[in-house]
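Peer 1: Here you go, one structure.
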Amino acid sequence: MYLPDFDYIAAATVVKASRLLGSLGPEAKLIAGGTDVLPMLKQGTLATKTLISINRLSELKNISFEKGKGHIIGALATHNEVMKSPVLQEKYMSVCETAHRMANNQIRNIGTIGGNISNAVPSADFPPILIALGATVTLQNSSGSRTLPLEGFFMGPRQSVIAQDEILTEIVIPENGFSGSTYHKFGLRRSGALAVVGVAVAVAMEGNICKDACIVLGAVAPTPMRAKEAEALLRGKEVSDALLEKAGKLAAAASNPITDIRGSEEYRRDMVRVFTRRCLRKAMDNGHV
Amino acid sequence: MQAIQDKEGIKRYLITLYVNGDPYTKVVKANTLLVNVLRDDLDLTGTKKGCELGDCGSCTVLLDGKPVNACLVLAVEADGRDIITIEGLGDNEKLDPIQEAFIENAALQCGYCTAGMIMSAKALLNSNPDPTEKEVREAIAGNLCRCTGYVNIVKAILSCGRQSKGGDE
């Protein structure tokens, strides 16, 4: 299996990469880890005349915490770097665990978090947990940058608000009042499988009262989606098994899954109910965000 | 990285790969994959090609010490980096302990996945000299054995762990 011919330019800076993307137009594609771009080029589902690589821009690899801003994850951090980051492990184990359950070790060593988001694949694992934690993404081009909530980033399968000359440079999880969060995914194998259903939740608990909850469903709609009715049900309520089951039912009703080789619409919908309930319980019980 | 354009307008790039400790300077096209440079240009055919989409792990090599699928790395992106292939383990006289353990435990049947399996095992043991069975299984989760000889493969890798060697602490 060979790659079609293309030109290759290793951009020295984000601004230079953006200029190239702008001047060469849609026939130029950005490549970072390449774990998505290269298989698509091989299979002919993506065509390009020029690949612009940002893989060597080590300044986009940093994972850090800045007071007043939150946890900053550079777009080029690999899944394994996210998984092993002490800064993230200390506060957001749920994000590290999400990385850990993705693909396999070889892919996790080259695939990047920025790629996982900007590909806008409905079954992607990072978006649900990051949206649940209120993350923002920064998109940069040669004239400046804009920051927007990740929740508003996705437009449809493989479609997002990112413009041709924009590059996703960082993800920020702002300081928030959540006391627990988690992401559960159901895949057909324990490793190397896409999510058939993915559910992420973040909750703020005070004793047994749920002060706030954010529930995000992955792989059951054209984009990751919030289960807002279920969230509203939980807010301000004392938690019980019956309440969580009801929240699961509301989330399932809100989901909009398709039937494909990995699972039927009915199966996915019912798994949303089960996973929402389980995720809520786990996030509420463990003391870790 | 120096780019050279020939009379037909095809661009080629001058890269240096550090493979198994030796530098190799090669001229490659932008679409040349690392696995093809290793196999076709350097005759290091121990690294196998299977699915070529990053699912099977038979092309696993260590890039700067980390296991990656050589079918998903552009040769130009490997410029200046360290690569260890199965040929880089052991030497003419002596096999690597992991290779010995695979023989000892009959951890190969058709052998096609073996090079990749051993590279993943090598990376694991380099960073974690005494892995648990769970850690071993996780480390080779990206290496598919279609003979499904996983039990002996796991056994072989575990036998290289510190404890099973009687402990050297």
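Following the order of the structure tokens, first chain is A, next is B, and so on, with residues numbered from 1 inside each chain and ligands from 1 in the order they appear.
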Please check the contacts: residues of chain A at most 12 Å away from chain B, using only C-alpha atoms, listed as a PyMOL selection string.
Peer 2: chain A and resi 1-12+31-43+48-56+78+80-81+100-111+189-194
Peer 1: Using only C-alpha atoms, determine which residues lie at most 10 Å from Asp79 in chain B, disregarding the query and same-chain residues fewer than 4 positions distant; provide the list as a VMD selection string.
Peer 2: chain B and resid 1 13 to 18 25 to 26 34 74 to 75
Peer 1: Which residues are close to range 210-226 of chain A, i.e. within 7 Å by only C-alpha atoms, leaving aside same-chain residues fewer than 5 positions away? Reply as a ChimeraX atom specification.
Peer 2: /A:122-123,127-128,131-132,154-157,195-205,231,234-239,255-258,268
Peer 1: Restricting the calculation to only C-alpha atoms: of A:Asp165, A:Glu90, A:Glu97, A:Glu266, which residue gets closest to Lys29 in chain A?
Peer 2: A:Asp165
Peer 1: Provide the CA of Ala230 in chain A to CA of Thr259 in chain A distance in Å, to one decimal place.
Peer 2: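 Pair CA of Ala230 in chain A / CA of Thr259 in chain A returns 23.5 Å.
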Peer 1: For Thr147 in chain A, work out the shell of residues within 7 Å, counting only C-alpha atoms and skipping chain neighbours fewer than 5 positions away, then give it as number ranges by chain.
Peer 2: A: 136-139
Peer 1: Rounded to one decimal place, report the CA of Asp260 in chain A-CA of Thr276 in chain A distance in Å.
Peer 2: 21.5 Å
Peer 1: Range 142-271 of chain A: which residues are strand (DSSP E) by DSSP, as a PyMOL selection string?
Peer 2: chain A and resi 144-149+154-156+159-160+167-173+180-186+197-206+209-218+225-226+237-238
Peer 1: Residues near Gly70 in chain A, anyone? I mean within 7 Å using only C-alpha atoms, not counting same-chain ones fewer than 3 positions away, as an MDAnalysis selection string.
Peer 2: chainID A and resid 65:67 172:175
Peer 1: Could you pull out the helix (DSSP H, G or I) residues of range 41-82 of chain B, going by DSSP on the backbone, and write them as a list in words?
Peer 2: Asp41, Ala70, Cys71, Leu72, Ala75, Val76, Glu77 and Ala78 of chain B
Peer 1: Considering only C-alpha atoms, state which residue in the set B:Gly46, B:Gly111, B:Gly161, B:Pro97 is at the smallest distance from Pro129 in chain B.
Peer 2: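 Distance minimum relative to Pro129 in chain B lands on B:Gly161.
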Peer 1: Grab the CA of Thr182 in chain A to CA of Phe275 in chain A distance for me, in Å with one decimal place.
Peer 2: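 Computing the Euclidean distance for CA of Thr182 in chain A and CA of Phe275 in chain A yields 10.6 Å.
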Peer 1: Rank B:Leu158, B:Ala106, B:Ile4, B:Ile86 by their smallest atom-to-atom distance to Asn128 in chain B, using only C-alpha atoms, and report the top residue only.
Peer 2: B:Leu158
Peer 1: Contacts of Arg146 in chain A at 12 Å or less, counting only C-alpha atoms, minus same-chain residues fewer than 5 places along, as a compact mmCIF listing (two decimals) with N, CA and C atoms, in the first residue's frame?
Peer 2:
```txt
# COMPACT_ATOMS: atom_id res chain seq x y z
N THR A 136 -11.60 24.85 26.23
CA THR A 136 -11.62 25.71 25.05
C THR A 136 -10.47 25.31 24.13
N VAL A 137 -10.60 25.68 22.85
CA VAL A 137 -9.51 25.44 21.91
C VAL A 137 -9.07 26.77 21.30
N THR A 138 -7.78 26.89 21.02
CA THR A 138 -7.27 28.10 20.40
C THR A 138 -6.87 27.78 18.97
N LEU A 139 -7.42 28.56 18.05
CA LEU A 139 -7.12 28.39 16.63
C LEU A 139 -6.31 29.59 16.19
N GLN A 140 -5.18 29.32 15.55
CA GLN A 140 -4.28 30.41 15.18
C GLN A 140 -4.10 30.46 13.67
N ASN A 141 -4.06 31.68 13.13
CA ASN A 141 -3.62 31.84 11.74
C ASN A 141 -2.56 32.92 11.69
N PHE A 153 -17.11 23.67 18.50
CA PHE A 153 -16.09 23.47 17.46
C PHE A 153 -16.58 22.56 16.33
N VAL A 161 -15.40 24.12 12.70
CA VAL A 161 -15.39 25.55 12.37
C VAL A 161 -14.00 26.03 11.94
N ILE A 162 -13.03 25.14 11.95
CA ILE A 162 -11.65 25.54 11.64
C ILE A 162 -11.55 25.98 10.17
N ALA A 163 -10.92 27.14 9.95
CA ALA A 163 -10.78 27.66 8.58
C ALA A 163 -9.53 27.05 7.94
N GLU A 166 -6.29 28.00 9.47
CA GLU A 166 -6.18 27.97 10.93
C GLU A 166 -5.57 26.66 11.43
N ILE A 167 -4.86 26.78 12.54
CA ILE A 167 -4.21 25.62 13.15
C ILE A 167 -4.60 25.58 14.62
N LEU A 168 -5.05 24.43 15.06
CA LEU A 168 -5.39 24.27 16.48
C LEU A 168 -4.07 24.19 17.25
N THR A 169 -3.85 25.13 18.17
CA THR A 169 -2.56 25.16 18.86
C THR A 169 -2.62 24.70 20.30
N GLU A 170 -3.72 24.98 21.00
CA GLU A 170 -3.77 24.51 22.39
C GLU A 170 -5.19 24.29 22.86
N ILE A 171 -5.27 23.43 23.86
CA ILE A 171 -6.54 23.11 24.51
C ILE A 171 -6.39 23.57 25.95
```
